[in-house]
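Trainee: Quick one: the structure is below, and I'll ask about it shortly.
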Amino acid sequence: MDINKIIERVKNVLTTPKTEWPVIAAEPATASGLYKNYIVILAAIPAIVGFIKSSLIGHSILGITVRSSIGSGLAGAVVGYALSLALIYVMALIIEALAPTFGGEKNRLQALKTAAYAWTASWLANVGLLIPWLGALIVLVGIGYSIYLLYLALPVTMKSPPEKAAGYTALSMLCAIVLGWIMTVAVAGITGTGMLMTGGAPHSTTSSNTTIDKDSWLGKMEEASKKMEAAQKSGDTAAQQKAASEMMGAALGGGDKVEALAPDQLKPFVPETLAGLKRTSVSAERNGAMGMQTSEARATYSDDGSGRSLHLSITDMGSMKGLVGLAGWAGVENSKETSDGYEKTYKQSGRLVHEQWDKPTKSGEFGIVLGERFSVKVSGDANSIDELKTAVTSLDLAGLEALKNQGVKKN
């Protein structure tokens, strides 16, 4: 197993797929080699992240954090990992079986290459699940990019006519969605929570046209991609290593190295009273997971007389701010509504906003992302979602957003 080769392949698949697919199609390989040298490594990411999320960080709903036991978390990770490895092979069988229908050639090894490398983006995007309430959007973007990678691959690896690639991709992905859902249900049955995905599938998803500038996530990725291609052509090893570092920095940190704020820097943004309620508890901490640093301050506000309570969380995504920028750039929105309430995520005045309301319990949450770095969320009891919005806007949002460049080291 050569980690440097794996990293190189990941970078090329994600940043220069049109030139990388012909290389993949032509290189000699075996099924066991693909698994040993690539699939077993990348497929482990969702399992590891799922364990961290379910058993160490936990799932928070209206201020209540629920964690799976270490035992069930590990069991779910193992089962999820095993199912992921099997899913890729089943996907390869499907891609191979569908090839003649869409004018392609049946070749199981090429189909396995296609399934494994196309799913790279989706595997990596699972890291986003460590980001509060934005994780599902990031995973969605990763799936979308994997679909695009599959679309580019099929005419090259399976020799399907380009004009039939769209239909080939659509039918293959339909099968993948069904298989993925079955796998998610199987793992959730063990951990007690949906470990591989957060929340339900969005009822509607839209992608808006966005003006891209050089300072955006995509702009930095494009610039890093150009440097990578130039370094590869030059044959300069030092230049290639520097370009690789910049590429990973662009993907995770928006092109920069970011140190999350110290807990004492977040505490001043946690007021003693909120929406007329007194603060009854407060905590702040800075953590690192899988090489990515975040910090968070949490507080509870309550009234003993009415029993009403609110929960405030302020999170500095730190070195994961590039993933937040990815979600914002993609313009992904989701909306879900039932007779009992609704949940939606949207962009307003350049900021990502999330709101959720439950009518029967008169409770919900309202969150906003500042500077593609800080997540501020208030959840709990209220007469309406507007009260939660007012609670958030009463905070020193401008002061917090002014710190968006603190701890940022330019590459």
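In the structure tokens, chains take the letters A, B, ... in the order shown, each chain's residues start at 1, and ligands count up from 1 in the order shown.
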Neighbours of Asn383 of chain A within 10 Å (only C-alpha atoms; same-chain residues fewer than 5 positions away dropped), as an MDAnalysis selection string?
Mentor: chainID A and resid 359 361:364 388
Trainee: Could you give me, as a PyMOL selection string, the residues within 10 Å of Thr390 of chain A, counting only C-alpha atoms and dropping anything in the same chain fewer than 4 positions from it?
Mentor: chain A and resi 274-275+366+378+385-386+394-395
Trainee: Write out as an MDAnalysis selection string which residues come within 12 Å of Ala284 of chain A when counting only C-alpha atoms, dropping same-chain ones fewer than 4 positions away.
Mentor: chainID A and resid 261:270 294:299 312:316
Trainee: At a cut-off of 10 Å, using only C-alpha atoms, what residues contact Pro162 of chain A? Leave out same-chain residues fewer than 6 positions from it and give the result as a list of chain:residue names.
Mentor: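 Those residues are A:Phe102, A:Gly103, A:Tyr151, A:Leu152, A:Ala153, A:Leu154, A:Pro155, A:Val156, A:Tyr168.
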Trainee: If we count only C-alpha atoms and set the cut-off at 9 Å, which residues sit around segment 88-90 of chain A, ignoring sequence neighbours fewer than 3 positions away in its own chain? Please answer as a ChimeraX atom specification.
Mentor: /A:39,83-85,93-95,111-112,115-116,119,176,179
Trainee: Extract the full set of alpha helix (DSSP H) residues from segment 86-148 of chain A according to DSSP on the backbone, and format it as a PDB file with C-alpha atoms, in the first residue's frame.
Mentor:
```
ATOM      1  CA  ALA A  86     -19.620  -5.061  -0.693  1.00  0.00           C
ATOM      2  CA  LEU A  87     -21.656  -2.210  -2.178  1.00  0.00           C
ATOM      3  CA  ILE A  88     -18.806  -1.136  -4.445  1.00  0.00           C
ATOM      4  CA  TYR A  89     -18.500  -4.635  -5.879  1.00  0.00           C
ATOM      5  CA  VAL A  90     -22.260  -4.914  -6.392  1.00  0.00           C
ATOM      6  CA  MET A  91     -22.186  -1.517  -8.124  1.00  0.00           C
ATOM      7  CA  ALA A  92     -19.448  -2.825 -10.410  1.00  0.00           C
ATOM      8  CA  LEU A  93     -21.641  -5.802 -11.322  1.00  0.00           C
ATOM      9  CA  ILE A  94     -24.527  -3.434 -12.116  1.00  0.00           C
ATOM     10  CA  ILE A  95     -22.337  -1.154 -14.235  1.00  0.00           C
ATOM     11  CA  GLU A  96     -21.001  -4.173 -16.115  1.00  0.00           C
ATOM     12  CA  ALA A  97     -24.451  -5.679 -16.659  1.00  0.00           C
ATOM     13  CA  LEU A  98     -25.876  -2.397 -17.990  1.00  0.00           C
ATOM     14  CA  ARG A 108     -15.869  -6.396 -14.759  1.00  0.00           C
ATOM     15  CA  LEU A 109     -12.461  -4.988 -13.885  1.00  0.00           C
ATOM     16  CA  GLN A 110     -13.165  -1.727 -15.695  1.00  0.00           C
ATOM     17  CA  ALA A 111     -16.559  -1.584 -13.989  1.00  0.00           C
ATOM     18  CA  LEU A 112     -14.885  -1.985 -10.589  1.00  0.00           C
ATOM     19  CA  LYS A 113     -12.435   0.792 -11.434  1.00  0.00           C
ATOM     20  CA  THR A 114     -15.363   2.982 -12.434  1.00  0.00           C
ATOM     21  CA  ALA A 115     -17.351   2.355  -9.260  1.00  0.00           C
ATOM     22  CA  ALA A 116     -14.366   2.747  -6.928  1.00  0.00           C
ATOM     23  CA  TYR A 117     -12.863   5.913  -8.332  1.00  0.00           C
ATOM     24  CA  ALA A 118     -16.166   7.640  -9.106  1.00  0.00           C
ATOM     25  CA  THR A 120     -14.119   9.004  -4.201  1.00  0.00           C
ATOM     26  CA  ALA A 121     -15.895  12.353  -3.796  1.00  0.00           C
ATOM     27  CA  SER A 122     -18.759  10.833  -1.839  1.00  0.00           C
ATOM     28  CA  TRP A 123     -16.430   9.005   0.553  1.00  0.00           C
ATOM     29  CA  LEU A 124     -14.402  12.142   1.269  1.00  0.00           C
ATOM     30  CA  ALA A 125     -17.497  14.337   1.677  1.00  0.00           C
ATOM     31  CA  GLY A 135     -22.973  17.916   7.103  1.00  0.00           C
ATOM     32  CA  ALA A 136     -25.904  16.590   5.107  1.00  0.00           C
ATOM     33  CA  LEU A 137     -25.476  19.352   2.536  1.00  0.00           C
ATOM     34  CA  ILE A 138     -21.776  18.614   2.131  1.00  0.00           C
ATOM     35  CA  VAL A 139     -22.495  14.908   1.723  1.00  0.00           C
ATOM     36  CA  LEU A 140     -25.102  15.818  -0.889  1.00  0.00           C
ATOM     37  CA  VAL A 141     -22.550  17.872  -2.799  1.00  0.00           C
ATOM     38  CA  GLY A 142     -20.107  14.941  -2.632  1.00  0.00           C
ATOM     39  CA  ILE A 143     -22.706  12.579  -4.041  1.00  0.00           C
ATOM     40  CA  GLY A 144     -23.451  15.040  -6.806  1.00  0.00           C
ATOM     41  CA  TYR A 145     -19.789  15.239  -7.758  1.00  0.00           C
ATOM     42  CA  SER A 146     -19.516  11.449  -7.709  1.00  0.00           C
ATOM     43  CA  ILE A 147     -22.394  11.301 -10.164  1.00  0.00           C
ATOM     44  CA  TYR A 148     -20.510  13.725 -12.411  1.00  0.00           C
TER      45      TYR A 148
END
```
